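Asks: My structure file data.cif, mmCIF, C-alpha atoms and all ligand atoms, is below:
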```
data_input
#
loop_
_atom_site.label_atom_id
_atom_site.label_comp_id
_atom_site.auth_asym_id
_atom_site.auth_seq_id
_atom_site.Cartn_x
_atom_site.Cartn_y
_atom_site.Cartn_z
CA GLY A 1 -35.38 -73.03 -9.66
CA VAL A 2 -36.80 -70.82 -12.35
CA ARG A 3 -34.31 -68.28 -13.58
CA ARG A 4 -35.38 -64.75 -14.30
CA ILE A 5 -33.47 -63.79 -17.38
CA PRO A 6 -34.44 -60.51 -19.03
CA ARG A 7 -34.93 -60.36 -22.77
CA VAL A 8 -33.09 -58.38 -25.41
CA VAL A 9 -34.69 -56.68 -28.40
CA GLY A 10 -33.95 -58.41 -31.67
CA ALA A 11 -32.37 -61.64 -30.47
CA ASP A 12 -32.49 -64.19 -33.27
CA VAL A 13 -33.31 -61.75 -36.09
CA PRO A 14 -32.93 -63.57 -39.42
CA VAL A 15 -29.67 -62.95 -41.27
CA PRO A 16 -28.74 -63.95 -44.82
CA LEU A 17 -26.25 -66.67 -45.64
CA ARG A 18 -23.98 -66.90 -48.67
CA ASP A 19 -26.07 -69.74 -50.12
CA GLY A 20 -29.19 -67.56 -50.23
CA GLY A 21 -30.81 -69.00 -47.10
CA HIS A 22 -31.49 -67.31 -43.78
CA VAL A 23 -30.86 -68.29 -40.17
CA PRO A 24 -31.55 -66.63 -36.81
CA TYR A 25 -28.55 -64.47 -35.93
CA ALA A 26 -26.15 -65.93 -33.40
CA ASN A 27 -24.69 -62.79 -31.84
CA PHE A 28 -21.27 -63.39 -30.27
CA ASP A 29 -20.26 -59.75 -30.22
CA TYR A 30 -21.71 -58.53 -26.93
CA ALA A 31 -18.33 -57.23 -25.77
CA ALA A 32 -18.31 -54.71 -28.62
CA SER A 33 -21.92 -53.56 -28.21
CA ALA A 34 -24.83 -55.44 -26.66
CA PRO A 35 -28.39 -55.39 -27.99
CA CYS A 36 -30.96 -53.38 -25.99
CA LEU A 37 -32.94 -54.96 -23.21
CA GLU A 38 -36.70 -54.93 -23.67
CA ALA A 39 -36.88 -53.03 -20.35
CA VAL A 40 -34.61 -50.37 -21.84
CA HIS A 41 -36.83 -50.06 -24.87
CA GLU A 42 -39.87 -49.69 -22.60
CA ALA A 43 -38.21 -47.07 -20.38
CA VAL A 44 -37.31 -44.95 -23.39
CA THR A 45 -40.81 -45.33 -24.83
CA ARG A 46 -42.28 -44.20 -21.50
CA ALA A 47 -39.98 -41.18 -21.36
CA LEU A 48 -40.56 -40.00 -24.92
CA PRO A 49 -43.91 -38.21 -24.44
CA TYR A 50 -42.31 -36.01 -21.77
CA TYR A 51 -39.07 -35.62 -23.65
CA SER A 52 -38.13 -31.99 -23.17
CA SER A 53 -35.38 -29.68 -22.03
CA VAL A 54 -33.51 -30.39 -18.82
CA HIS A 55 -32.42 -28.16 -15.95
CA ARG A 56 -33.41 -24.83 -17.37
CA GLY A 57 -37.03 -25.29 -18.44
CA ALA A 58 -39.91 -24.46 -16.11
CA GLY A 59 -42.62 -26.29 -18.06
CA TYR A 60 -44.10 -29.51 -16.76
CA ALA A 61 -42.41 -31.72 -19.37
CA SER A 62 -39.09 -30.07 -18.54
CA GLN A 63 -39.58 -30.84 -14.89
CA VAL A 64 -40.41 -34.48 -15.65
CA THR A 65 -37.41 -34.81 -17.95
CA THR A 66 -35.08 -33.15 -15.46
CA GLY A 67 -36.39 -35.42 -12.71
CA ALA A 68 -35.85 -38.50 -14.86
CA TYR A 69 -32.31 -37.43 -15.71
CA GLU A 70 -31.34 -36.86 -12.08
CA GLU A 71 -33.10 -40.06 -11.04
CA ALA A 72 -31.03 -41.92 -13.64
CA ARG A 73 -27.91 -40.54 -11.98
CA GLU A 74 -29.04 -41.90 -8.60
CA THR A 75 -29.84 -45.29 -10.15
CA VAL A 76 -26.31 -45.43 -11.56
CA ARG A 77 -24.92 -44.40 -8.18
CA SER A 78 -26.59 -47.30 -6.43
CA PHE A 79 -25.78 -49.70 -9.30
CA LEU A 80 -22.09 -48.92 -8.70
CA GLY A 81 -22.32 -48.78 -4.94
CA ALA A 82 -20.83 -45.32 -5.23
CA TRP A 83 -20.51 -43.23 -2.14
CA ARG A 84 -23.32 -40.70 -1.63
CA ARG A 85 -20.98 -37.75 -2.06
CA SER A 86 -19.10 -39.03 -5.10
CA ALA A 87 -19.62 -37.56 -8.53
CA VAL A 88 -21.61 -39.47 -11.15
CA VAL A 89 -20.92 -37.78 -14.48
CA PHE A 90 -22.74 -38.84 -17.64
CA THR A 91 -20.37 -39.09 -20.57
CA ARG A 92 -20.59 -40.59 -24.05
CA ASN A 93 -18.79 -43.84 -23.30
CA THR A 94 -15.80 -45.33 -21.48
CA THR A 95 -13.35 -43.60 -23.80
CA ASP A 96 -14.95 -40.27 -22.98
CA SER A 97 -14.93 -41.06 -19.25
CA MET A 98 -11.23 -41.93 -19.19
CA ASN A 99 -10.34 -38.83 -21.19
CA LEU A 100 -12.36 -36.72 -18.78
CA LEU A 101 -10.50 -38.23 -15.84
CA ALA A 102 -7.16 -37.76 -17.59
CA GLN A 103 -7.99 -34.10 -17.98
CA ALA A 104 -9.10 -33.76 -14.36
CA VAL A 105 -6.09 -35.29 -12.60
CA PRO A 106 -3.96 -32.64 -10.88
CA ALA A 107 -0.95 -31.44 -12.84
CA GLY A 108 2.03 -33.70 -12.33
CA THR A 109 0.00 -36.75 -11.28
CA SER A 110 1.97 -39.98 -11.73
CA VAL A 111 -0.16 -42.48 -13.65
CA VAL A 112 0.57 -46.22 -13.64
CA VAL A 113 -1.18 -48.42 -16.17
CA PHE A 114 -0.78 -51.99 -17.39
CA GLU A 115 -0.02 -52.41 -21.08
CA THR A 116 -2.81 -55.00 -21.21
CA GLU A 117 -5.42 -52.23 -21.11
CA HIS A 118 -7.87 -51.33 -23.83
CA HIS A 119 -6.60 -48.25 -25.68
CA ALA A 120 -9.34 -46.19 -24.01
CA SER A 121 -7.60 -46.70 -20.67
CA LEU A 122 -4.06 -46.90 -22.00
CA LEU A 123 -3.79 -43.76 -24.10
CA PRO A 124 -5.47 -40.71 -22.50
CA TRP A 125 -2.72 -40.03 -19.93
CA LYS A 126 -0.17 -37.32 -20.60
CA ARG A 127 2.60 -39.40 -19.07
CA ALA A 128 2.15 -42.85 -17.72
CA VAL A 129 4.39 -45.63 -16.49
CA ARG A 130 3.39 -48.71 -18.47
CA LEU A 131 3.70 -52.04 -16.69
CA PRO A 132 4.19 -55.19 -18.79
CA ALA A 133 1.58 -57.97 -18.78
CA PRO A 134 1.92 -59.68 -15.39
CA ALA A 135 2.34 -63.46 -15.35
CA THR A 136 -0.14 -63.93 -12.48
CA PRO A 137 -2.73 -61.82 -10.67
CA ALA A 138 -0.40 -61.74 -7.65
CA GLU A 139 2.35 -60.38 -9.87
CA ALA A 140 -0.04 -57.66 -11.05
CA VAL A 141 -0.48 -56.58 -7.47
CA SER A 142 3.24 -56.63 -6.63
CA ALA A 143 4.19 -54.84 -9.86
CA ALA A 144 1.65 -52.13 -9.16
CA ASP A 145 2.94 -51.85 -5.60
CA ARG A 146 6.54 -51.42 -6.77
CA ALA A 147 5.67 -48.93 -9.48
CA LEU A 148 3.48 -46.79 -7.24
CA ARG A 149 6.04 -46.80 -4.46
CA SER A 150 8.71 -45.42 -6.77
CA CYS A 151 6.53 -42.63 -8.18
CA PRO A 152 7.70 -39.10 -7.35
CA THR A 153 5.81 -37.37 -4.53
CA GLY A 154 2.50 -35.87 -5.57
CA SER A 155 -0.76 -37.41 -6.64
CA ARG A 156 -0.72 -40.92 -8.04
CA LEU A 157 -3.25 -42.88 -10.03
CA LEU A 158 -3.38 -46.58 -10.92
CA VAL A 159 -5.52 -47.41 -13.95
CA VAL A 160 -6.69 -50.97 -14.49
CA THR A 161 -9.45 -52.94 -16.13
CA ALA A 162 -11.85 -55.04 -14.06
CA ALA A 163 -12.37 -57.62 -16.83
CA SER A 164 -10.27 -57.90 -19.97
CA ASN A 165 -11.99 -57.23 -23.27
CA VAL A 166 -9.57 -59.73 -24.89
CA THR A 167 -9.56 -62.73 -22.55
CA GLY A 168 -12.47 -61.95 -20.23
CA GLU A 169 -10.15 -62.56 -17.27
CA LEU A 170 -11.00 -60.79 -14.03
CA TRP A 171 -8.32 -58.54 -12.57
CA PRO A 172 -7.74 -58.44 -8.79
CA ILE A 173 -9.19 -54.96 -8.40
CA GLU A 174 -9.77 -55.17 -4.64
CA GLU A 175 -6.14 -56.08 -3.96
CA LEU A 176 -4.99 -53.45 -6.45
CA ALA A 177 -7.15 -50.86 -4.69
CA ARG A 178 -5.48 -51.79 -1.40
CA VAL A 179 -1.92 -51.41 -2.74
CA ALA A 180 -2.89 -48.17 -4.46
CA HIS A 181 -4.20 -46.71 -1.22
CA ARG A 182 -1.26 -48.02 0.78
CA ASN A 183 0.97 -46.03 -1.60
CA GLY A 184 -1.10 -42.87 -1.40
CA ALA A 185 -2.53 -43.46 -4.88
CA ARG A 186 -6.07 -43.60 -6.25
CA ILE A 187 -7.38 -46.35 -8.48
CA ALA A 188 -9.47 -45.90 -11.64
CA VAL A 189 -11.21 -49.02 -12.89
CA ASP A 190 -12.30 -49.60 -16.46
CA ALA A 191 -15.47 -51.58 -15.83
CA ALA A 192 -16.70 -51.60 -19.43
CA GLN A 193 -16.50 -55.40 -19.62
CA LEU A 194 -17.31 -56.19 -16.02
CA VAL A 195 -20.64 -54.49 -15.38
CA PRO A 196 -22.51 -56.26 -18.21
CA HIS A 197 -21.68 -59.54 -16.42
CA ARG A 198 -21.06 -58.98 -12.71
CA PRO A 199 -22.00 -56.47 -10.02
CA LEU A 200 -19.48 -53.97 -8.77
CA ASP A 201 -19.44 -52.19 -5.43
CA MET A 202 -17.18 -49.16 -5.44
CA THR A 203 -17.51 -48.57 -1.72
CA ALA A 204 -16.94 -52.18 -0.68
CA HIS A 205 -14.07 -52.68 -3.16
CA GLY A 206 -12.49 -49.32 -2.37
CA LEU A 207 -12.54 -48.00 -5.94
CA ASP A 208 -11.92 -44.30 -6.42
CA TYR A 209 -13.16 -44.07 -10.03
CA VAL A 210 -15.17 -46.32 -12.31
CA ALA A 211 -15.92 -45.90 -16.00
CA PHE A 212 -18.30 -47.87 -18.22
CA SER A 213 -20.35 -47.60 -21.43
CA GLY A 214 -24.12 -47.87 -21.85
CA HIS A 215 -23.90 -49.60 -25.21
CA LYS A 216 -22.10 -52.59 -23.70
CA LEU A 217 -24.68 -52.68 -20.91
CA TYR A 218 -27.75 -53.35 -23.08
CA ALA A 219 -28.57 -49.66 -23.65
CA PRO A 220 -28.09 -47.71 -26.89
CA PHE A 221 -24.92 -45.95 -28.01
CA GLY A 222 -24.03 -42.53 -26.70
CA SER A 223 -24.22 -42.74 -22.91
CA GLY A 224 -21.48 -43.64 -20.47
CA VAL A 225 -20.44 -42.89 -16.92
CA LEU A 226 -17.50 -41.68 -14.92
CA ALA A 227 -18.18 -42.08 -11.21
CA GLY A 228 -15.86 -41.34 -8.36
CA ARG A 229 -14.27 -38.86 -6.03
CA ALA A 230 -15.55 -35.36 -6.67
CA ASP A 231 -12.56 -33.27 -5.52
CA TRP A 232 -10.31 -33.50 -8.60
CA LEU A 233 -13.32 -33.18 -10.89
CA ARG A 234 -14.62 -30.12 -9.03
CA ALA A 235 -11.22 -28.45 -9.25
CA ALA A 236 -10.54 -29.23 -12.91
CA VAL A 237 -11.15 -26.93 -15.84
CA PRO A 238 -14.39 -28.08 -17.52
CA TYR A 239 -13.90 -30.89 -19.96
CA LEU A 240 -16.18 -29.06 -22.39
CA LYS A 241 -16.69 -25.37 -22.00
CA GLY A 242 -20.12 -23.88 -22.55
CA GLY A 243 -23.60 -23.59 -21.11
CA GLY A 244 -24.20 -25.57 -17.96
CA ALA A 245 -20.52 -25.75 -17.07
CA SER A 246 -20.45 -22.07 -16.19
CA ALA A 247 -21.95 -20.57 -13.03
CA SER A 248 -21.58 -16.95 -14.12
CA VAL A 249 -20.07 -15.37 -17.16
CA GLY A 250 -18.92 -11.78 -17.49
CA GLU A 251 -15.46 -10.52 -18.22
CA THR A 252 -14.32 -13.68 -16.55
CA THR A 253 -16.08 -17.00 -16.12
CA ARG A 254 -16.84 -18.73 -12.88
CA TRP A 255 -17.26 -22.45 -13.51
CA ALA A 256 -20.04 -24.49 -11.96
CA ALA A 257 -19.13 -25.87 -8.55
CA SER A 258 -20.55 -29.36 -8.87
CA ALA A 259 -18.47 -31.96 -10.67
CA GLU A 260 -21.48 -33.06 -12.71
CA GLN A 261 -22.45 -29.60 -13.94
CA ARG A 262 -18.87 -28.65 -14.59
CA HIS A 263 -18.28 -31.60 -16.90
CA GLU A 264 -21.66 -31.95 -18.55
CA ALA A 265 -21.75 -28.77 -20.63
CA GLY A 266 -24.33 -28.57 -23.38
CA SER A 267 -27.67 -30.35 -23.57
CA PRO A 268 -27.21 -33.81 -22.15
CA ASN A 269 -28.19 -37.18 -23.59
CA VAL A 270 -31.26 -37.59 -21.39
CA LEU A 271 -32.72 -40.57 -23.21
CA GLY A 272 -29.31 -42.23 -23.10
CA ALA A 273 -29.12 -41.72 -19.34
CA ILE A 274 -32.66 -43.04 -18.85
CA ALA A 275 -31.85 -46.08 -21.00
CA LEU A 276 -28.62 -46.74 -19.16
CA ALA A 277 -30.35 -46.47 -15.79
CA ALA A 278 -33.08 -48.89 -16.91
CA ALA A 279 -30.38 -51.38 -17.85
CA CYS A 280 -28.72 -50.94 -14.44
CA GLU A 281 -32.03 -51.63 -12.68
CA THR A 282 -32.81 -54.66 -14.78
CA LEU A 283 -29.42 -56.28 -14.27
CA SER A 284 -29.37 -55.49 -10.55
CA ALA A 285 -32.56 -57.50 -10.13
CA CYS A 286 -31.10 -60.75 -11.49
CA TRP A 287 -27.32 -60.88 -11.03
CA SER A 288 -27.15 -64.34 -9.56
CA ASP A 289 -29.44 -65.84 -12.20
CA LEU A 290 -27.38 -64.21 -14.93
CA ALA A 291 -24.10 -65.42 -13.48
CA VAL A 292 -25.27 -69.02 -13.12
CA ARG A 293 -26.57 -69.06 -16.67
CA GLU A 294 -23.47 -67.44 -18.10
CA GLU A 295 -21.13 -69.82 -16.27
CA ALA A 296 -22.96 -72.75 -17.85
CA LEU A 297 -22.81 -71.25 -21.34
CA VAL A 298 -19.16 -70.24 -21.09
CA GLY A 299 -18.30 -73.66 -19.69
CA ARG A 300 -19.99 -75.31 -22.64
CA LEU A 301 -18.17 -73.07 -25.10
CA ARG A 302 -14.73 -73.47 -23.53
CA ALA A 303 -15.05 -77.24 -23.14
CA GLY A 304 -16.05 -77.42 -26.80
CA LEU A 305 -13.15 -75.25 -27.90
CA ALA A 306 -10.69 -77.28 -25.82
CA ALA A 307 -11.81 -80.39 -27.73
CA LEU A 308 -10.90 -78.79 -31.08
CA PRO A 309 -7.18 -79.42 -31.67
CA HIS A 310 -6.85 -76.58 -34.22
CA VAL A 311 -8.37 -73.92 -31.93
CA ARG A 312 -6.24 -72.17 -29.30
CA GLU A 313 -7.87 -70.09 -26.63
CA LEU A 314 -6.04 -66.98 -25.46
CA SER A 315 -5.39 -66.37 -21.81
CA LEU A 316 -2.96 -64.45 -19.71
CA TRP A 317 -3.35 -66.42 -16.48
CA GLY A 318 -4.27 -69.88 -17.70
CA ASP A 319 -7.31 -72.07 -18.14
CA ARG A 320 -8.60 -71.83 -14.62
CA ALA A 321 -8.48 -68.06 -14.16
CA PRO A 322 -11.94 -66.66 -13.41
CA ARG A 323 -13.44 -64.77 -16.31
CA VAL A 324 -16.60 -63.27 -17.76
CA GLY A 325 -18.23 -64.49 -20.96
CA ILE A 326 -15.53 -63.38 -23.36
CA VAL A 327 -13.40 -65.96 -25.16
CA SER A 328 -10.74 -65.16 -27.78
CA PHE A 329 -8.93 -67.73 -29.87
CA THR A 330 -6.89 -68.39 -32.97
CA VAL A 331 -7.47 -71.18 -35.50
CA ASP A 332 -4.39 -72.96 -36.88
CA GLY A 333 -3.99 -72.39 -40.61
CA TRP A 334 -6.59 -69.62 -40.73
CA ASN A 335 -6.35 -65.90 -40.38
CA ALA A 336 -8.86 -64.38 -38.01
CA ARG A 337 -10.66 -62.36 -40.67
CA ASP A 338 -11.38 -65.45 -42.78
CA VAL A 339 -12.66 -67.31 -39.73
CA ALA A 340 -14.98 -64.43 -38.88
CA LEU A 341 -16.27 -64.10 -42.45
CA THR A 342 -16.85 -67.83 -42.78
CA LEU A 343 -18.74 -67.94 -39.49
CA SER A 344 -20.90 -65.06 -40.66
CA GLU A 345 -21.57 -66.04 -44.25
CA GLU A 346 -22.00 -69.78 -43.75
CA HIS A 347 -23.47 -69.96 -40.25
CA GLY A 348 -25.06 -66.60 -39.39
CA ILE A 349 -22.65 -66.16 -36.47
CA GLY A 350 -21.35 -62.70 -35.54
CA VAL A 351 -17.92 -62.67 -33.87
CA ARG A 352 -15.24 -60.02 -33.86
CA ASP A 353 -11.75 -60.42 -35.28
CA GLY A 354 -8.70 -58.23 -34.93
CA LYS A 355 -6.71 -56.82 -32.07
CA PHE A 356 -9.68 -55.44 -30.08
CA CYS A 357 -8.22 -51.97 -29.45
CA ALA A 358 -5.68 -53.63 -27.16
CA HIS A 359 -2.68 -53.88 -29.48
CA PRO A 360 0.07 -54.28 -26.87
CA PHE A 361 -1.91 -57.00 -25.09
CA VAL A 362 -2.79 -58.97 -28.22
CA ARG A 363 0.83 -58.66 -29.37
CA HIS A 364 1.90 -60.11 -26.02
CA LEU A 365 -0.50 -63.04 -26.44
CA VAL A 366 -0.15 -63.91 -30.14
CA GLY A 367 2.64 -61.77 -31.58
CA GLY A 368 1.67 -59.94 -34.76
CA GLU A 369 -1.43 -62.05 -35.38
CA SER A 370 -5.08 -61.16 -35.00
CA ALA A 371 -7.54 -63.25 -33.02
CA VAL A 372 -11.23 -64.10 -33.08
CA ARG A 373 -13.39 -63.08 -30.13
CA ALA A 374 -16.67 -64.72 -29.14
CA SER A 375 -18.43 -62.78 -26.41
CA LEU A 376 -21.65 -63.86 -24.74
CA GLY A 377 -24.58 -62.06 -23.24
CA ILE A 378 -28.19 -62.26 -22.21
CA GLY A 379 -29.49 -63.36 -25.61
CA THR A 380 -26.93 -66.16 -26.03
CA SER A 381 -28.40 -69.67 -26.17
CA GLU A 382 -27.01 -73.20 -26.09
CA GLU A 383 -27.97 -73.49 -29.74
CA HIS A 384 -25.73 -70.50 -30.53
CA ILE A 385 -22.83 -72.11 -28.68
CA ASP A 386 -23.34 -75.43 -30.42
CA ARG A 387 -23.62 -73.75 -33.81
CA LEU A 388 -20.34 -71.93 -33.21
CA LEU A 389 -18.59 -75.12 -32.11
CA THR A 390 -19.89 -77.07 -35.09
CA ALA A 391 -18.82 -74.30 -37.45
CA LEU A 392 -15.33 -74.16 -35.92
CA ALA A 393 -15.01 -77.95 -36.09
CA GLY A 394 -15.67 -77.63 -39.82
CA LEU A 395 -12.74 -75.27 -40.35
CA THR A 396 -10.13 -77.70 -41.50
CA ARG A 397 -6.65 -76.73 -42.59
CA GLY A 398 -6.29 -75.07 -45.98
N1 LIG A 401 -12.51 -50.44 -22.10
C1 LIG A 401 -12.79 -51.70 -22.39
C2 LIG A 401 -12.29 -52.79 -21.48
C3 LIG A 401 -13.54 -51.99 -23.52
O1 LIG A 401 -13.81 -53.26 -23.83
C4 LIG A 401 -13.99 -50.95 -24.35
C5 LIG A 401 -14.80 -51.21 -25.60
N2 LIG A 401 -14.29 -52.24 -26.41
C6 LIG A 401 -13.67 -49.65 -23.99
C7 LIG A 401 -12.94 -49.43 -22.86
C8 LIG A 401 -14.11 -48.49 -24.80
O2 LIG A 401 -15.48 -48.36 -24.75
P1 LIG A 401 -16.20 -47.30 -25.67
O3 LIG A 401 -15.86 -47.69 -27.08
O4 LIG A 401 -17.63 -47.48 -25.37
O5 LIG A 401 -15.67 -45.98 -25.31
#
```
Any chance you could give the structure as structure tokens?

Replies:
Amino acid sequence: GVRRIPRVVGADVPVPLRDGGHVPYANFDYAASAPCLEAVHEAVTRALPYYSSVHRGAGYASQVTTGAYEEARETVRSFLGAWRRSAVVFTRNTTDSMNLLAQAVPAGTSVVVFETEHHASLLPWKRAVRLPAPATPAEAVSAADRALRSCPTGSRLLVVTAASNVTGELWPIEELARVAHRNGARIAVDAAQLVPHRPLDMTAHGLDYVAFSGHKLYAPFGSGVLAGRADWLRAAVPYLKGGGASASVGETTRWAASAEQRHEAGSPNVLGAIALAAACETLSACWSDLAVREEALVGRLRAGLAALPHVRELSLWGDRAPRVGIVSFTVDGWNARDVALTLSEEHGIGVRDGKFCAHPFVRHLVGGESAVRASLGIGTSEEHIDRLLTALAGLTRG
């Protein structure tokens, strides 16, 4: 059948090559930041004429803007399958969301986190038990179970990614949610790399908190989300103190009662929220088409890489583990930076090289080395894949 694939702004823009020529850009860096969807561009353009103050203004444009902002929140809520009464807080990005949650957990909360996490999910906790990279998904579940069971009494939180930003592998978040709850713990899921590729249903999967970033979801930089249970957030000292977070201020301050108001002090990023919500709506309308298309493209890429004897794909759980469109690899005889620069300057291909803000995980996979990451998205074509494979085939030793 005909697939409905949305379009991104600026796919195939011409980029210069070292030899003076130009080629259409082959963007393989979606996992870092994805280009905007055309629908996102249109939503922002539609909102701009009414762009005005939120929440406090009485003028018509203020009412329209406030309505659009709160509507964006509801769009995000249904995108995540979040419970009607849960909080949906707009933040700057996933890093901001995890830091907000870290600040909102009750004092003395025991946090358990895998060392395979992105630094955004690994570092914000005051004290956390770090679990080593598990050899299988089942081992992830049993290790989490053991660690949570031996936490001291009090609140407990398990933090885990839904899809790895290094290998693209999917983590068993439903099973992890079950063992968390069985041990009286909550689970916070870093969905930054999942939601650009696959739907998520917080209610069905039993997830207490979810964080993600707009700029990886085909919206511009500067908007993110923390969604989840409202109680800890409502009880916590505001993340930022100022206007909006306070209900009344005199000698003492009474903080706003709602989790959203309490943690969204200052004038919010309305256009960012509108853009993010437009991306949520667009993706929700075509998940299955996107998944089928991505599977085909990732399959083509991985089969091609497997046929290159000097290229080694990274994975924690092996070749067959389910994953999203993120593939990292090393090239024998080459350092990652030189691979990335050669791909860019000779082929117009944009990949990322380094340790992907997941140092312990990359160290576990390749020791002290860096790796190259090719991540796919809506604007990726077969031609891009084939260009990347041809370019990598041309990287001979020395
Ligand atoms: N978590 C994961 C899994 C990520 O891939 C990233 C971005 N690389 C982040 C968190 C942090 O996202 P942001 O930079 O938007 O805060």

Asks: Could I get the residue neighbourhood of ligand LIG 401 (chain A) at 9 Å, counting all atoms listed in the file, as a PyMOL selection string?

Replies: chain A and resi 31-33+92-98+117-121+161-166+190-194+211-216+221-224+356-358

Asks: Would you write out those residues with C-alpha atoms, as a PDB file, keeping the file's coordinate frame?

Replies:
```pdb
ATOM      1  CA  ALA A  31     -18.330 -57.230 -25.770  1.00  0.00           C
ATOM      2  CA  ALA A  32     -18.310 -54.710 -28.620  1.00  0.00           C
ATOM      3  CA  SER A  33     -21.920 -53.560 -28.210  1.00  0.00           C
ATOM      4  CA  ARG A  92     -20.590 -40.590 -24.050  1.00  0.00           C
ATOM      5  CA  ASN A  93     -18.790 -43.840 -23.300  1.00  0.00           C
ATOM      6  CA  THR A  94     -15.800 -45.330 -21.480  1.00  0.00           C
ATOM      7  CA  THR A  95     -13.350 -43.600 -23.800  1.00  0.00           C
ATOM      8  CA  ASP A  96     -14.950 -40.270 -22.980  1.00  0.00           C
ATOM      9  CA  SER A  97     -14.930 -41.060 -19.250  1.00  0.00           C
ATOM     10  CA  MET A  98     -11.230 -41.930 -19.190  1.00  0.00           C
ATOM     11  CA  GLU A 117      -5.420 -52.230 -21.110  1.00  0.00           C
ATOM     12  CA  HIS A 118      -7.870 -51.330 -23.830  1.00  0.00           C
ATOM     13  CA  HIS A 119      -6.600 -48.250 -25.680  1.00  0.00           C
ATOM     14  CA  ALA A 120      -9.340 -46.190 -24.010  1.00  0.00           C
ATOM     15  CA  SER A 121      -7.600 -46.700 -20.670  1.00  0.00           C
ATOM     16  CA  THR A 161      -9.450 -52.940 -16.130  1.00  0.00           C
ATOM     17  CA  ALA A 162     -11.850 -55.040 -14.060  1.00  0.00           C
ATOM     18  CA  ALA A 163     -12.370 -57.620 -16.830  1.00  0.00           C
ATOM     19  CA  SER A 164     -10.270 -57.900 -19.970  1.00  0.00           C
ATOM     20  CA  ASN A 165     -11.990 -57.230 -23.270  1.00  0.00           C
ATOM     21  CA  VAL A 166      -9.570 -59.730 -24.890  1.00  0.00           C
ATOM     22  CA  ASP A 190     -12.300 -49.600 -16.460  1.00  0.00           C
ATOM     23  CA  ALA A 191     -15.470 -51.580 -15.830  1.00  0.00           C
ATOM     24  CA  ALA A 192     -16.700 -51.600 -19.430  1.00  0.00           C
ATOM     25  CA  GLN A 193     -16.500 -55.400 -19.620  1.00  0.00           C
ATOM     26  CA  LEU A 194     -17.310 -56.190 -16.020  1.00  0.00           C
ATOM     27  CA  ALA A 211     -15.920 -45.900 -16.000  1.00  0.00           C
ATOM     28  CA  PHE A 212     -18.300 -47.870 -18.220  1.00  0.00           C
ATOM     29  CA  SER A 213     -20.350 -47.600 -21.430  1.00  0.00           C
ATOM     30  CA  GLY A 214     -24.120 -47.870 -21.850  1.00  0.00           C
ATOM     31  CA  HIS A 215     -23.900 -49.600 -25.210  1.00  0.00           C
ATOM     32  CA  LYS A 216     -22.100 -52.590 -23.700  1.00  0.00           C
ATOM     33  CA  PHE A 221     -24.920 -45.950 -28.010  1.00  0.00           C
ATOM     34  CA  GLY A 222     -24.030 -42.530 -26.700  1.00  0.00           C
ATOM     35  CA  SER A 223     -24.220 -42.740 -22.910  1.00  0.00           C
ATOM     36  CA  GLY A 224     -21.480 -43.640 -20.470  1.00  0.00           C
ATOM     37  CA  PHE A 356      -9.680 -55.440 -30.080  1.00  0.00           C
ATOM     38  CA  CYS A 357      -8.220 -51.970 -29.450  1.00  0.00           C
ATOM     39  CA  ALA A 358      -5.680 -53.630 -27.160  1.00  0.00           C
TER      40      ALA A 358
END
```

Asks: Given the choices A:Asp353, A:Val331, A:Ile378, A:Arg234, which gets closest to Leu395 in chain A if the distance is worked out from all atoms listed in the file?

Replies: A:Val331

Asks: Around (1.2, -46.2, -16.1) in the file's own coordinates, what residues are found within 8 Å if you use all atoms listed in the file, given back as a PyMOL selection string?

Replies: chain A and resi 110-114+122+127-131+158-159

Asks: Select, from A:Gly350, A:Ala278, A:Leu207, A:Leu343, the residue with the minimum atom-to-atom distance to Ala26 in chain A, counting only C-alpha atoms.

Replies: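 Among the listed residues, the smallest separation from Ala26 in chain A belongs to A:Gly350.
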
Asks: Under the rule that only C-alpha atoms are counted, which of A:Thr396, A:Glu345, A:Glu174, A:Thr91 is the nearest residue to Gly266 in chain A?

Replies: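 Checking each of A:Thr396, A:Glu345, A:Glu174, A:Thr91 against Gly266 in chain A, counting only C-alpha atoms, the winner is A:Thr91.
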
Asks: Do you know which residues are at most 12 Å from Asp319 in chain A counting only C-alpha atoms, after dropping those on the same chain fewer than 2 positions away, and could you put them as a PyMOL selection string?

Replies: chain A and resi 167-169+299+302-303+305-306+312-317+321-323+327

Asks: Which value, in Å to one decimal, gives the distance between CA of Cys286 in chain A and CA of Arg46 in chain A?

Replies: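 Distance reported for this atom pair: 22.3 Å.
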
Asks: Of the candidates A:Ala340, A:Ala227, A:Val362, A:Val324, which shows the shortest atom-to-atom distance to Leu170 in chain A, using all atoms listed in the file?

Replies: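 Going through A:Ala340, A:Ala227, A:Val362, A:Val324 one by one, the smallest distance to Leu170 in chain A is for A:Val324.
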
Asks: Show me, as a ChimeraX atom specification, the residues that have an atom within 9 Å of range 176-187 of chain A when counting only C-alpha atoms, minus same-chain residues fewer than 3 positions from it.

Replies: /A:110,140-142,144-145,148-149,154-160,171-173,205-210

Asks: From the options A:Asp332, A:Pro268, A:Glu175, A:Ser248, which residue's atoms come nearest to Thr65 in chain A, counting only C-alpha atoms?

Replies: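 Answer, going by the shortest atom-to-atom distance: A:Pro268.
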
Asks: For Arg373 in chain A, which residue among A:Thr330, A:Thr390, A:Asn335, A:Ser267 is the nearest when counting all atoms listed in the file?

Replies: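 Of the candidates, the smallest distance to Arg373 in chain A is held by A:Thr330.
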
Asks: Tell me which protein, DNA and RNA residues are within 9 Å of Pro6 in chain A, counting only C-alpha atoms, leaving out same-chain ones fewer than 6 positions away, and put them as a ChimeraX atom specification.

Replies: /A:37-39,282-283,286,290,378-379
